[in-house]
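Listing of query-v1.cif, mmCIF, C-alpha atoms and all ligand atoms
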data_coords
loop_
_atom_site.label_atom_id
_atom_site.label_comp_id
_atom_site.auth_asym_id
_atom_site.auth_seq_id
_atom_site.Cartn_x
_atom_site.Cartn_y
_atom_site.Cartn_z
CA MET D 1 -20.53 -3.22 14.33
CA THR D 2 -17.24 -2.40 12.68
CA ARG D 3 -18.92 0.15 10.50
CA VAL D 4 -20.05 1.86 13.70
CA LEU D 5 -16.51 1.69 14.97
CA ALA D 6 -15.23 3.30 11.83
CA LEU D 7 -17.81 6.03 12.12
CA ALA D 8 -17.05 6.60 15.77
CA ALA D 9 -13.36 6.84 15.09
CA GLY D 10 -14.16 8.74 11.94
CA ARG D 11 -10.74 10.15 11.27
CA LYS D 12 -7.22 9.30 10.40
CA PRO D 13 -4.72 8.83 13.23
CA ALA D 14 -3.98 12.28 14.61
CA PHE D 15 -0.77 14.01 13.71
CA TRP D 16 0.65 13.70 17.19
CA THR D 17 0.25 9.97 17.11
CA ARG D 18 2.23 9.96 13.92
CA ILE D 19 5.13 11.53 15.76
CA ALA D 20 5.25 8.45 17.95
CA PHE D 21 6.25 6.53 14.85
CA ALA D 22 9.57 8.25 14.49
CA ALA D 23 11.01 5.56 16.73
CA LEU D 24 9.25 2.94 14.69
CA VAL D 25 10.73 4.34 11.52
CA VAL D 26 14.16 3.82 13.01
CA PHE D 27 13.12 0.28 13.83
CA LEU D 28 11.89 -0.30 10.29
CA GLY D 29 15.15 1.16 9.08
CA THR D 30 17.03 -1.69 10.65
CA ILE D 31 15.01 -4.09 8.56
CA PHE D 32 16.57 -2.58 5.48
CA ALA D 33 20.17 -3.16 6.36
CA ASN D 34 20.17 -5.12 3.13
CA GLY D 35 18.74 -2.97 0.58
CA ALA D 36 18.36 0.56 -0.40
CA LEU D 37 14.84 1.16 -1.47
CA ALA D 38 15.80 0.74 -5.04
CA VAL D 39 14.19 3.37 -7.19
CA SER D 40 15.66 1.70 -10.19
CA ALA D 41 16.11 3.30 -13.51
CA GLU D 42 13.76 1.27 -15.64
CA ALA D 43 15.89 1.81 -18.73
CA PRO D 44 16.74 -1.46 -20.40
CA VAL D 45 19.95 -2.89 -19.04
CA ASP D 46 22.34 -5.09 -20.92
CA ARG D 47 21.91 -8.20 -18.83
CA LEU D 48 24.49 -10.90 -18.42
CA VAL D 49 23.36 -14.31 -19.56
CA ALA D 50 23.81 -17.29 -17.27
CA TYR D 51 23.50 -19.97 -19.93
CA SER D 52 24.17 -23.11 -17.97
CA ALA D 53 24.33 -24.33 -14.40
CA ARG D 54 25.16 -27.46 -12.45
CA ILE D 55 25.29 -28.61 -8.88
CA ALA D 56 27.04 -31.59 -7.32
CA GLY D 57 28.20 -32.82 -3.93
CA ASP D 58 26.88 -34.15 -0.66
CA ASP D 59 25.88 -33.09 2.85
CA ALA D 60 29.42 -31.98 3.67
CA ARG D 61 30.46 -30.19 0.50
CA THR D 62 28.41 -28.90 -2.40
CA ARG D 63 29.61 -27.18 -5.56
CA ILE D 64 27.55 -24.90 -7.77
CA VAL D 65 28.80 -23.72 -11.14
CA LEU D 66 27.10 -21.09 -13.29
CA ASP D 67 28.34 -20.24 -16.79
CA PHE D 68 28.06 -16.62 -17.94
CA ASP D 69 28.63 -14.91 -21.27
CA ARG D 70 30.65 -12.20 -19.52
CA PRO D 71 32.39 -12.09 -16.14
CA PRO D 72 29.93 -11.20 -13.36
CA THR D 73 30.89 -9.11 -10.36
CA ILE D 74 29.78 -10.96 -7.25
CA GLU D 75 29.16 -10.10 -3.64
CA THR D 76 28.45 -12.75 -1.04
CA ARG D 77 26.78 -12.51 2.34
CA TYR D 78 25.51 -14.75 5.13
CA ILE D 79 22.12 -14.40 6.73
CA ALA D 80 20.71 -16.37 9.63
CA ASN D 81 17.20 -17.54 10.43
CA PRO D 82 17.03 -19.52 8.22
CA ASP D 83 20.73 -19.87 7.41
CA ARG D 84 21.29 -18.57 3.90
CA ILE D 85 24.13 -17.64 1.59
CA ILE D 86 23.36 -14.68 -0.65
CA VAL D 87 25.21 -14.05 -3.90
CA ASP D 88 24.47 -10.68 -5.44
CA LEU D 89 24.96 -10.34 -9.18
CA PRO D 90 24.51 -7.67 -11.84
CA ALA D 91 21.32 -7.86 -13.94
CA THR D 92 21.27 -11.43 -15.24
CA ALA D 93 19.05 -13.47 -17.53
CA PHE D 94 18.93 -16.99 -16.10
CA ALA D 95 18.66 -18.98 -19.29
CA PHE D 96 19.42 -22.51 -18.07
CA ALA D 97 16.81 -25.18 -17.37
CA GLU D 98 15.26 -25.11 -13.93
CA ASP D 99 16.20 -28.72 -13.32
CA ASP D 100 19.89 -27.93 -13.74
CA LEU D 101 20.02 -26.06 -10.47
CA LYS D 102 17.85 -27.99 -8.03
CA ALA D 103 18.58 -27.90 -4.32
CA MET D 104 20.70 -30.82 -3.08
CA GLY D 105 23.56 -31.59 -0.75
CA LEU D 106 24.03 -28.75 1.70
CA PHE D 107 21.15 -26.77 0.29
CA SER D 108 17.47 -27.25 0.95
CA ASP D 109 16.32 -24.47 -1.35
CA ILE D 110 17.87 -22.51 -4.21
CA ARG D 111 16.31 -19.38 -5.73
CA TYR D 112 17.59 -17.00 -8.35
CA GLY D 113 16.10 -14.08 -10.21
CA SER D 114 16.06 -10.35 -10.65
CA MET D 115 15.96 -7.93 -7.74
CA ASP D 116 15.39 -4.82 -9.86
CA ALA D 117 16.42 -3.55 -13.29
CA THR D 118 20.12 -3.56 -12.45
CA SER D 119 20.69 -6.48 -10.12
CA ALA D 120 19.98 -10.14 -9.61
CA ARG D 121 20.44 -12.54 -6.73
CA LEU D 122 21.12 -16.15 -5.91
CA VAL D 123 19.73 -17.27 -2.54
CA LEU D 124 21.06 -20.54 -1.20
CA THR D 125 19.18 -21.79 1.85
CA ALA D 126 21.42 -24.12 3.81
CA ALA D 127 19.99 -27.35 5.19
CA ARG D 128 22.88 -27.25 7.65
CA PRO D 129 25.21 -24.30 8.38
CA ALA D 130 27.62 -23.80 5.52
CA ARG D 131 30.18 -21.33 4.28
CA LEU D 132 31.65 -20.64 0.87
CA ALA D 133 35.19 -21.98 0.82
CA ILE D 134 35.49 -20.80 -2.78
CA ALA D 135 33.56 -18.09 -4.58
CA LYS D 136 35.34 -17.02 -7.73
CA VAL D 137 34.89 -16.20 -11.39
CA MET D 138 37.22 -17.64 -13.99
CA PRO D 139 37.36 -17.85 -17.77
CA ASN D 140 36.09 -20.94 -19.60
CA GLU D 141 38.76 -21.82 -22.11
CA ALA D 142 36.44 -24.15 -23.96
CA ASP D 143 33.68 -21.75 -24.99
CA GLY D 144 34.98 -18.28 -24.23
CA GLY D 145 32.50 -17.72 -21.40
CA TYR D 146 33.08 -17.30 -17.69
CA ARG D 147 32.16 -19.57 -14.86
CA LEU D 148 31.19 -18.70 -11.35
CA VAL D 149 32.29 -21.42 -8.95
CA LEU D 150 30.74 -21.62 -5.50
CA ASP D 151 32.12 -24.29 -3.19
CA ALA D 152 30.17 -24.61 0.02
CA GLU D 153 31.31 -26.62 3.00
CA LEU D 154 29.66 -27.65 6.22
CA VAL D 155 30.71 -25.60 9.26
CA PRO D 156 29.74 -25.75 12.94
CA GLU D 157 26.71 -23.66 13.83
CA GLN D 158 28.84 -21.23 15.89
CA ASP D 159 31.13 -20.64 12.90
CA PHE D 160 28.15 -19.69 10.77
CA ALA D 161 26.90 -17.39 13.52
CA ALA D 162 30.37 -15.82 13.63
CA LEU D 163 30.29 -15.22 9.86
CA VAL D 164 26.93 -13.48 10.21
CA SER D 165 27.95 -11.32 13.14
CA ARG D 166 31.38 -10.40 11.77
CA GLN D 167 29.66 -9.15 8.69
CA ALA D 168 27.12 -7.17 10.67
CA TRP D 169 30.00 -5.61 12.55
CA SER D 170 32.10 -4.69 9.51
CA GLU D 171 29.33 -3.49 7.23
CA PRO D 172 28.24 -0.04 8.20
CA GLN D 173 24.48 0.04 8.46
CA GLN D 174 23.33 1.62 5.27
CA ALA D 175 21.57 4.89 5.70
CA SER D 176 18.36 3.31 4.65
CA ALA D 177 15.36 4.90 3.11
CA GLY D 178 13.65 4.20 6.40
CA THR D 179 15.28 7.16 8.07
CA SER D 180 13.57 9.72 5.92
CA PRO D 181 10.43 11.03 7.52
CA VAL D 182 7.05 9.81 6.50
CA ALA D 183 5.45 12.16 4.03
CA ALA D 184 3.26 14.58 5.87
CA ALA D 185 -0.31 14.53 4.71
CA THR D 186 -0.22 17.89 3.04
CA THR D 187 -3.06 17.42 0.62
CA GLU D 188 -6.66 16.47 1.03
CA GLU D 189 -6.11 13.64 -1.40
CA PHE D 190 -6.95 10.16 -0.32
CA VAL D 191 -3.86 8.12 -1.14
CA ILE D 192 -4.17 4.44 -1.96
CA ALA D 193 -1.08 2.26 -2.12
CA ILE D 194 -1.58 -0.62 -4.54
CA ASP D 195 0.79 -3.45 -3.76
CA ALA D 196 1.34 -6.05 -6.46
CA GLY D 197 2.31 -9.15 -4.52
CA HIS D 198 5.65 -10.89 -5.17
CA GLY D 199 8.04 -9.88 -7.98
CA GLY D 200 11.54 -10.51 -9.28
CA ILE D 201 13.19 -13.52 -7.66
CA ASP D 202 9.94 -14.26 -5.81
CA ALA D 203 7.48 -15.41 -8.48
CA GLY D 204 4.76 -16.39 -6.01
CA ALA D 205 2.35 -19.17 -6.93
CA THR D 206 2.06 -20.76 -10.39
CA GLY D 207 -1.09 -21.20 -12.49
CA VAL D 208 -2.21 -24.82 -12.62
CA ALA D 209 -3.02 -24.80 -16.35
CA THR D 210 -0.93 -22.05 -17.94
CA LYS D 211 1.98 -21.90 -15.45
CA THR D 212 1.58 -18.12 -15.32
CA PRO D 213 3.44 -16.78 -12.27
CA GLU D 214 1.39 -15.01 -9.62
CA LYS D 215 3.74 -11.99 -9.77
CA ASP D 216 2.60 -11.25 -13.36
CA ILE D 217 -1.07 -11.50 -12.47
CA THR D 218 -0.80 -9.24 -9.44
CA LEU D 219 1.11 -6.67 -11.49
CA ALA D 220 -1.44 -6.72 -14.32
CA PHE D 221 -4.27 -6.30 -11.85
CA SER D 222 -2.46 -3.52 -9.99
CA LYS D 223 -2.04 -1.61 -13.23
CA ALA D 224 -5.73 -2.05 -14.05
CA LEU D 225 -6.73 -0.79 -10.61
CA TYR D 226 -4.28 2.09 -10.86
CA GLU D 227 -5.85 3.20 -14.16
CA LYS D 228 -9.37 3.03 -12.70
CA LEU D 229 -8.38 5.05 -9.64
CA LYS D 230 -6.65 7.69 -11.75
CA GLY D 231 -10.02 8.89 -12.94
CA GLN D 232 -11.43 9.40 -9.42
CA THR D 233 -11.45 12.88 -7.96
CA GLY D 234 -9.83 13.30 -4.56
CA ILE D 235 -8.07 9.97 -4.88
CA ARG D 236 -4.45 9.37 -5.74
CA ALA D 237 -3.14 5.91 -6.39
CA VAL D 238 0.48 4.88 -5.96
CA MET D 239 2.05 1.53 -6.73
CA THR D 240 4.67 -0.17 -4.58
CA ARG D 241 6.07 -1.70 -7.76
CA ASP D 242 5.22 -1.16 -11.42
CA ALA D 243 7.78 -3.56 -12.86
CA ASP D 244 9.05 -7.06 -12.26
CA LYS D 245 11.24 -6.49 -9.24
CA PHE D 246 11.67 -7.87 -5.77
CA LEU D 247 10.51 -5.89 -2.74
CA SER D 248 10.72 -7.16 0.80
CA LEU D 249 7.48 -7.12 2.73
CA SER D 250 8.75 -4.33 4.97
CA GLU D 251 9.82 -2.28 1.95
CA ARG D 252 6.24 -2.48 0.69
CA VAL D 253 4.97 -1.14 4.01
CA LEU D 254 7.64 1.55 4.03
CA ILE D 255 6.85 2.71 0.49
CA ALA D 256 3.17 3.00 1.38
CA ARG D 257 3.97 5.03 4.50
CA GLN D 258 6.46 7.26 2.71
CA LYS D 259 3.92 8.05 0.03
CA GLY D 260 1.46 9.06 2.74
CA ALA D 261 -0.93 6.21 2.01
CA ASP D 262 -4.33 6.26 3.72
CA LEU D 263 -4.93 2.70 2.67
CA LEU D 264 -2.84 -0.22 1.47
CA ILE D 265 -4.22 -2.96 -0.74
CA SER D 266 -1.92 -5.92 -1.29
CA LEU D 267 -2.95 -8.10 -4.23
CA HIS D 268 -2.42 -11.83 -4.55
CA ALA D 269 -3.62 -14.97 -6.32
CA ASP D 270 -2.21 -17.96 -4.50
CA THR D 271 -2.67 -21.69 -4.78
CA LEU D 272 -4.27 -24.17 -2.40
CA ARG D 273 -3.91 -27.90 -2.18
CA GLN D 274 -7.67 -28.23 -2.70
CA ALA D 275 -8.08 -27.50 -6.41
CA ASP D 276 -11.86 -27.12 -6.16
CA ILE D 277 -11.76 -24.11 -3.86
CA ARG D 278 -12.22 -20.85 -5.74
CA GLY D 279 -13.23 -17.26 -5.24
CA ALA D 280 -11.87 -14.13 -3.60
CA THR D 281 -10.80 -13.72 0.03
CA VAL D 282 -10.06 -10.51 1.95
CA TYR D 283 -7.54 -10.65 4.77
CA THR D 284 -6.77 -8.30 7.63
CA ILE D 285 -3.97 -8.68 10.15
CA SER D 286 -4.22 -10.40 13.48
CA ASP D 287 -1.87 -12.20 15.85
CA LYS D 288 -4.06 -15.24 15.82
CA ALA D 289 -5.23 -16.63 12.48
CA SER D 290 -8.95 -17.01 11.90
CA ASP D 291 -8.49 -20.53 10.57
CA HIS D 292 -5.97 -23.06 9.36
CA MET D 293 -6.11 -21.93 5.73
CA ALA D 294 -5.45 -18.31 6.69
CA ALA D 295 -2.52 -19.33 8.87
CA GLN D 296 -0.95 -21.39 6.09
CA LEU D 297 -1.42 -18.65 3.56
CA ALA D 298 0.18 -16.03 5.81
CA GLU D 299 3.10 -18.34 6.38
CA ARG D 300 3.57 -18.77 2.64
CA GLU D 301 3.25 -15.04 1.96
CA ASN D 302 5.73 -14.22 4.70
CA PHE D 303 8.14 -16.71 3.11
CA SER D 304 8.67 -14.13 0.34
CA ASP D 305 11.34 -12.47 2.46
CA THR D 306 13.19 -15.75 2.87
CA ILE D 307 13.11 -16.35 -0.87
CA GLY D 308 14.45 -12.88 -1.58
CA GLY D 309 17.31 -13.21 0.92
CA VAL D 310 16.02 -10.60 3.31
CA GLU D 311 17.36 -10.44 6.81
CA LEU D 312 14.59 -10.34 9.37
CA PRO D 313 14.83 -8.29 12.53
CA LYS D 314 15.43 -10.32 15.67
CA GLU D 315 12.45 -8.84 17.44
CA THR D 316 9.20 -9.01 15.61
CA GLU D 317 7.29 -7.21 18.33
CA PRO D 318 8.60 -3.67 18.65
CA GLU D 319 7.87 -1.29 21.46
CA VAL D 320 5.82 -3.57 23.61
CA GLY D 321 3.69 -1.64 26.00
CA ASP D 322 3.69 1.59 24.03
CA ILE D 323 0.18 2.76 24.75
CA LEU D 324 0.11 5.29 21.95
CA LEU D 325 1.17 2.72 19.43
CA ASP D 326 -1.34 0.21 20.77
CA LEU D 327 -4.11 2.74 20.46
CA THR D 328 -3.18 3.60 16.91
CA ARG D 329 -2.86 -0.04 15.99
CA ARG D 330 -6.33 -0.69 17.32
CA GLU D 331 -7.75 2.28 15.50
CA THR D 332 -6.02 1.26 12.28
CA GLN D 333 -7.29 -2.27 12.75
CA ALA D 334 -10.87 -1.04 12.92
CA PHE D 335 -10.37 0.81 9.64
CA SER D 336 -8.80 -2.24 8.01
CA ILE D 337 -11.78 -4.34 9.04
CA ALA D 338 -14.18 -1.71 7.72
CA MET D 339 -12.35 -1.77 4.39
CA ALA D 340 -12.42 -5.56 4.24
CA GLU D 341 -16.16 -5.50 4.82
CA ALA D 342 -16.61 -2.86 2.15
CA VAL D 343 -14.79 -5.10 -0.32
CA VAL D 344 -16.87 -8.14 0.60
CA GLY D 345 -20.02 -6.00 0.31
CA SER D 346 -19.13 -4.77 -3.13
CA PHE D 347 -18.03 -8.20 -4.41
CA GLU D 348 -21.06 -10.08 -3.07
CA GLY D 349 -23.28 -11.34 -5.88
CA GLN D 350 -20.88 -9.90 -8.48
CA ILE D 351 -17.87 -12.17 -8.37
CA SER D 352 -17.32 -15.44 -6.56
CA LEU D 353 -16.16 -15.34 -2.95
CA ILE D 354 -15.01 -18.22 -0.78
CA ASN D 355 -16.93 -19.18 2.37
CA ASN D 356 -16.32 -16.66 5.15
CA PRO D 357 -14.59 -14.32 2.72
CA HIS D 358 -13.16 -12.02 5.40
CA ARG D 359 -10.41 -13.81 7.28
CA HIS D 360 -7.38 -12.78 9.27
CA ALA D 361 -3.82 -13.90 9.97
CA GLY D 362 -0.34 -12.55 10.65
CA PHE D 363 0.57 -11.20 7.22
CA ARG D 364 3.76 -9.19 7.52
CA VAL D 365 2.79 -6.90 4.63
CA LEU D 366 -0.21 -5.70 6.67
CA GLN D 367 1.83 -4.63 9.70
CA ALA D 368 1.84 -0.83 9.26
CA PRO D 369 0.54 0.47 12.58
CA ASP D 370 -0.90 3.62 11.03
CA VAL D 371 -2.01 2.61 7.54
CA PRO D 372 -5.21 0.58 7.28
CA SER D 373 -4.27 -2.44 5.18
CA ILE D 374 -5.95 -5.37 3.51
CA LEU D 375 -4.63 -8.29 1.51
CA LEU D 376 -6.89 -9.38 -1.32
CA GLU D 377 -6.62 -12.87 -2.76
CA LEU D 378 -8.34 -12.29 -6.08
CA GLY D 379 -8.81 -15.99 -6.68
CA PHE D 380 -6.80 -19.18 -6.65
CA LEU D 381 -4.29 -20.16 -9.30
CA SER D 382 -4.83 -23.78 -8.22
CA ASN D 383 -8.34 -23.63 -9.68
CA LYS D 384 -8.67 -23.74 -13.47
CA GLU D 385 -11.77 -21.54 -13.63
CA ASP D 386 -10.22 -18.95 -11.36
CA GLU D 387 -7.02 -19.02 -13.37
CA LYS D 388 -8.93 -18.35 -16.57
CA LEU D 389 -10.60 -15.33 -14.99
CA LEU D 390 -7.39 -14.02 -13.48
CA LEU D 391 -5.85 -14.01 -16.96
CA ASP D 392 -8.82 -12.23 -18.51
CA PRO D 393 -8.34 -8.44 -18.80
CA ALA D 394 -12.12 -7.89 -18.96
CA TRP D 395 -12.64 -9.73 -15.67
CA ARG D 396 -9.79 -7.83 -14.07
CA GLY D 397 -11.38 -4.58 -15.21
CA ARG D 398 -14.70 -5.55 -13.68
CA VAL D 399 -13.13 -6.52 -10.36
CA ALA D 400 -11.11 -3.30 -10.35
CA ASP D 401 -14.39 -1.37 -10.79
CA LEU D 402 -15.88 -3.21 -7.81
CA LEU D 403 -12.80 -2.40 -5.75
CA VAL D 404 -13.12 1.28 -6.64
CA GLU D 405 -16.71 1.05 -5.43
CA ALA D 406 -15.54 -0.54 -2.19
CA ILE D 407 -12.96 2.19 -1.67
CA LYS D 408 -15.65 4.84 -2.09
CA ARG D 409 -17.95 2.97 0.27
CA TYR D 410 -15.16 2.81 2.84
CA ARG D 411 -14.31 6.45 2.42
CA GLU D 412 -17.84 7.81 2.77
CA PRO D 413 -18.05 7.84 6.59
CA LEU D 414 -14.53 9.27 6.74
CA MET D 415 -15.56 12.13 4.47
CA ALA D 416 -18.71 12.72 6.53
CA ASN D 417 -16.45 13.13 9.55
CA GLY D 418 -14.29 15.75 7.89
CA GLY D 419 -11.82 13.57 6.05
ZN ZN D 501 0.80 -14.35 -3.00
#
Turn this file's structure into C-alpha cells for me.
Amino acid sequence: MTRVLALAAGRKPAFWTRIAFAALVVFLGTIFANGALAVSAEAPVDRLVAYSARIAGDDARTRIVLDFDRPPTIETRYIANPDRIIVDLPATAFAFAEDDLKAMGLFSDIRYGSMDATSARLVLTAARPARLAIAKVMPNEADGGYRLVLDAELVPEQDFAALVSRQAWSEPQQASAGTSPVAAATTEEFVIAIDAGHGGIDAGATGVATKTPEKDITLAFSKALYEKLKGQTGIRAVMTRDADKFLSLSERVLIARQKGADLLISLHADTLRQADIRGATVYTISDKASDHMAAQLAERENFSDTIGGVELPKETEPEVGDILLDLTRRETQAFSIAMAEAVVGSFEGQISLINNPHRHAGFRVLQAPDVPSILLELGFLSNKEDEKLLLDPAWRGRVADLLVEAIKRYREPLMANGG
C-alpha cells in the first residue's frame, strides 16, 4: 500500500513547495536562540580539568562547588519548561567521580559534559524555581587551583519567569544558522543525512554489561554506514556529527535540511526495562504513538534537549492550517513509511527484529516537513546479546550493508519516476 503511495507520489517535494518553508526556517531559527550551529574546529583543545566537585544544601538553598586547575570563564542563563540553570564553560574534562555531583536539594537533575570541541556545559534542572545568588570563581589557596561556587536559592515562580524573560529581552536573538536558505538541490545526487544519536553532554543509554554509552555506538555505526555509502554512485552521505559533541534535535534536522538531504536516518541503541527484548526497530513520526513502548522511547529521545539545556519553542505546532505544508508533510510521511518498510524488508531474516518492527511516535528529530526521516533503533543496550553485537565492528558492517540495500530499494521507484 505504502509502496504504491510512494510510486504514485514518485518525486521529491516540488521546488515551489520548498519556498513555503522559508517561513518555517524562520521558525526553526527561533529554536536556536541558544546556539550557533557550531562547526567546531576539531583541533585538540587544551581543556580545563574539573578535578573535584561537591554539593550540599536543602530545598531552599543549594551550593555546588567545582574545583578547576585553571580559572574557568563562566556564563549563566535561565531556561523555563522545565526550569533550568545553564552554566556555560570552556572545554572541560570532568574528572571527578559521578557520585560527587548527584542531584539534591533544589535540583532534581544535574548534567555536565562537552558541547563541542571548545565548550562544555553544566545543566541544573530545578525541582522548584531557583536562581543563582552567587556564581563566582575564586582561587583555592590550599592547592593552587580555582573553585567555581554556585549558590542557588529558592525564588517564587514569577521571579524565575522574570529572570527568563529579562534575559530574552536583553540578549539579541543570535543570527542563527537557521536563517540561511536551505541548500538548493543543484545536483542529481541523492543525499543521505546520517544522524548519530546523542553526543557530548547527552550520553544516551548505557550498555548493561560494558557500560558503553549509546553516543559512542551510534557514532561508530554512523561512520561505518558513511564509509559504505561513500562507495555508491549517485549517493552522497553527510553526517550530522562526526565527533563527540552535543546537537539539539532541531539542529540535527536543520543540518540535514541545509545539506539538502533527501533522507534522514537517525541512529540509536536505547535501553528498555525488559532486558529480554532485543532486535532492531524502525520508527517514523506520528502525532499518536503506535504503542506504549514507542511513546516512552520518543519521550526519552526528546529528553535529549532538556539534558543539553536547549530552550524549546513555546509552540510546537507551527503554521496550523497551512495547506501547502500539510500536503508536503503528508507526502514526506509516505516516503518515510516507504523507507521504514524498505529497512524492515532488508533486515528480515538477516538480523533480529522486534515484534512489529515498524512503529511510530512523536520523535522530534523526525519532524522535518520536507525530508523523509526514520529513526533506527539498532538494538537494545539493555540486552546483553544485543550489546555484544552493537560493539562488534563486523556486525555493524553487515547491518550497514543491509541499510545500503534498503536505501537502494527505497530509491528505485523514485529513480523510475525521474529522480
Ligand atoms: Zn537514543
task: Kindly compile the residues surrounding ligand ZN 501 (chain D) within 8 Å, counting only C-alpha atoms and all ligand atoms, and format them as a PyMOL selection string.
output: chain D and resi 197-198+204-205+214-215+267-270+300-301+377
Next, dump the selected residues to file, keeping only C-alpha atoms, as a JSON list (two decimals), in the frame of the given file.
[["chain", "number", "residue", "atom", "x", "y", "z"],
["D", 197, "GLY", "CA", 2.31, -9.15, -4.52],
["D", 198, "HIS", "CA", 5.65, -10.89, -5.17],
["D", 204, "GLY", "CA", 4.76, -16.39, -6.01],
["D", 205, "ALA", "CA", 2.35, -19.17, -6.93],
["D", 214, "GLU", "CA", 1.39, -15.01, -9.62],
["D", 215, "LYS", "CA", 3.74, -11.99, -9.77],
["D", 267, "LEU", "CA", -2.95, -8.10, -4.23],
["D", 268, "HIS", "CA", -2.42, -11.83, -4.55],
["D", 269, "ALA", "CA", -3.62, -14.97, -6.32],
["D", 270, "ASP", "CA", -2.21, -17.96, -4.50],
["D", 300, "ARG", "CA", 3.57, -18.77, 2.64],
["D", 301, "GLU", "CA", 3.25, -15.04, 1.96],
["D", 377, "GLU", "CA", -6.62, -12.87, -2.76]]
task: Record the distance separating CA of Ser304 in chain D and CA of Val123 in chain D, expressed in Å with one decimal.
output: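 CA of Val123 in chain D lies at a distance of 11.9 Å from CA of Ser304 in chain D.
Remark: for Ala135 in chain D, the closest of the candidate residues D:Val310, D:Met104, D:Ile86, D:Ala161 is D:Ile86 (distances computed over only C-alpha atoms).
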- request: Kindly give the distance, in Å, that separates CA of Val399 in chain D and CA of Asp370 in chain D, rounded to a single decimal.
  value: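 A separation of 26.6 Å between them.
What separates CA of Phe68 in chain D from CA of Ser108 in chain D is a distance of 24.1 Å.
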Any idea what's packed within 10 Å of Gln232 in chain D, counting all atoms listed in the file, ignoring anything in its chain fewer than 4 positions away? Could you give it as a PDB file with C-alpha atoms, in the frame of the given file?
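around20.pdb, freshly written:
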ATOM      1  CA  GLU D 227      -5.850   3.200 -14.160  1.00  0.00           C
ATOM      2  CA  LYS D 228      -9.370   3.030 -12.700  1.00  0.00           C
ATOM      3  CA  ARG D 236      -4.450   9.370  -5.740  1.00  0.00           C
ATOM      4  CA  ALA D 237      -3.140   5.910  -6.390  1.00  0.00           C
ATOM      5  CA  VAL D 404     -13.120   1.280  -6.640  1.00  0.00           C
ATOM      6  CA  LYS D 408     -15.650   4.840  -2.090  1.00  0.00           C
TER       7      LYS D 408
END
Listed atoms of range 54-61 of chain D boxed axis-aligned with 3 Å per side, centre + edges as lines of an AutoDock Vina configuration file:
center_x = 27.8
center_y = -30.8
center_z = -4.4
size_x = 11.3
size_y = 12.7
size_z = 22.1
message: Residues within 12 Å of Leu219 in chain D, please, as a PyMOL selection string. Count only C-alpha atoms; anything in the same chain fewer than 6 positions from it doesn't count.
response: chain D and resi 194-200+203-204+213+225-226+239-245+266-269+390-391+396
field: Nearest to Ala368 in chain D, chosen from D:Gln296, D:Ser382, D:Thr284, D:Ser346, with only C-alpha atoms counted in the distances
entry: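 Smallest separation from Ala368 in chain D among the options: D:Thr284.
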Can you pull out the residues contacting Ala97 in chain D? Cut-off 10 Å, using all atoms listed in the file, and skip same-chain residues under 4 positions away; I want them as a PDB file with C-alpha atoms, keeping the file's coordinate frame.
ATOM      1  CA  TYR D  51      23.500 -19.970 -19.930  1.00  0.00           C
ATOM      2  CA  SER D  52      24.170 -23.110 -17.970  1.00  0.00           C
ATOM      3  CA  ALA D  53      24.330 -24.330 -14.400  1.00  0.00           C
ATOM      4  CA  ARG D  54      25.160 -27.460 -12.450  1.00  0.00           C
ATOM      5  CA  LEU D 101      20.020 -26.060 -10.470  1.00  0.00           C
ATOM      6  CA  LYS D 102      17.850 -27.990  -8.030  1.00  0.00           C
TER       7      LYS D 102
END
Nearby residues (all atoms listed in the file) at most 10 Å from Arg398 in chain D, same-chain spacing under 4 positions excluded, as a list in words: Ala224, Leu225, Gln350, Ile351, Pro393, Ala394, Leu402, Leu403 and Val404 of chain D
statement: Nearest to Asp287 in chain D, restricted to only C-alpha atoms and choosing among D:Leu366, D:Leu89, D:Val45, D:Ile55, comes out as D:Leu366
- request: Find, counting all atoms listed in the file, the residue in D:Ala152, D:Ala95, D:Ala126, D:Ile79 that gets nearest to Phe107 in chain D.
  value: D:Ala126
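For the set D:Ile192, D:Leu150, D:Ala60, D:Leu324, the residue with the smallest atom-to-atom gap to Arg411 in chain D is D:Ile192, counting all atoms listed in the file.
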field: Test item: residues at most 6 Å from range 109-113 of chain D, all atoms listed in the file, excluding those fewer than 2 positions along its chain, as a PyMOL selection string
entry: chain D and resi 103+107+120-125+200-201
Limited to C-alpha atoms, could you put the picked residues into a file as a PDB file, keeping the file's coordinate frame?
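As a result, again-v4.pdb now contains:
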ATOM      1  CA  ALA D 103      18.580 -27.900  -4.320  1.00  0.00           C
ATOM      2  CA  PHE D 107      21.150 -26.770   0.290  1.00  0.00           C
ATOM      3  CA  ALA D 120      19.980 -10.140  -9.610  1.00  0.00           C
ATOM      4  CA  ARG D 121      20.440 -12.540  -6.730  1.00  0.00           C
ATOM      5  CA  LEU D 122      21.120 -16.150  -5.910  1.00  0.00           C
ATOM      6  CA  VAL D 123      19.730 -17.270  -2.540  1.00  0.00           C
ATOM      7  CA  LEU D 124      21.060 -20.540  -1.200  1.00  0.00           C
ATOM      8  CA  THR D 125      19.180 -21.790   1.850  1.00  0.00           C
ATOM      9  CA  GLY D 200      11.540 -10.510  -9.280  1.00  0.00           C
ATOM     10  CA  ILE D 201      13.190 -13.520  -7.660  1.00  0.00           C
TER      11      ILE D 201
END
task: For each of D:Asp305, D:Lys136, D:Val155, D:Leu353, take the minimum atom-to-atom distance to Pro71 in chain D, counting all atoms listed in the file, then give the residue where this is smallest.
output: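 Once distances to Pro71 in chain D are computed over all atoms listed in the file, the minimum belongs to D:Lys136.
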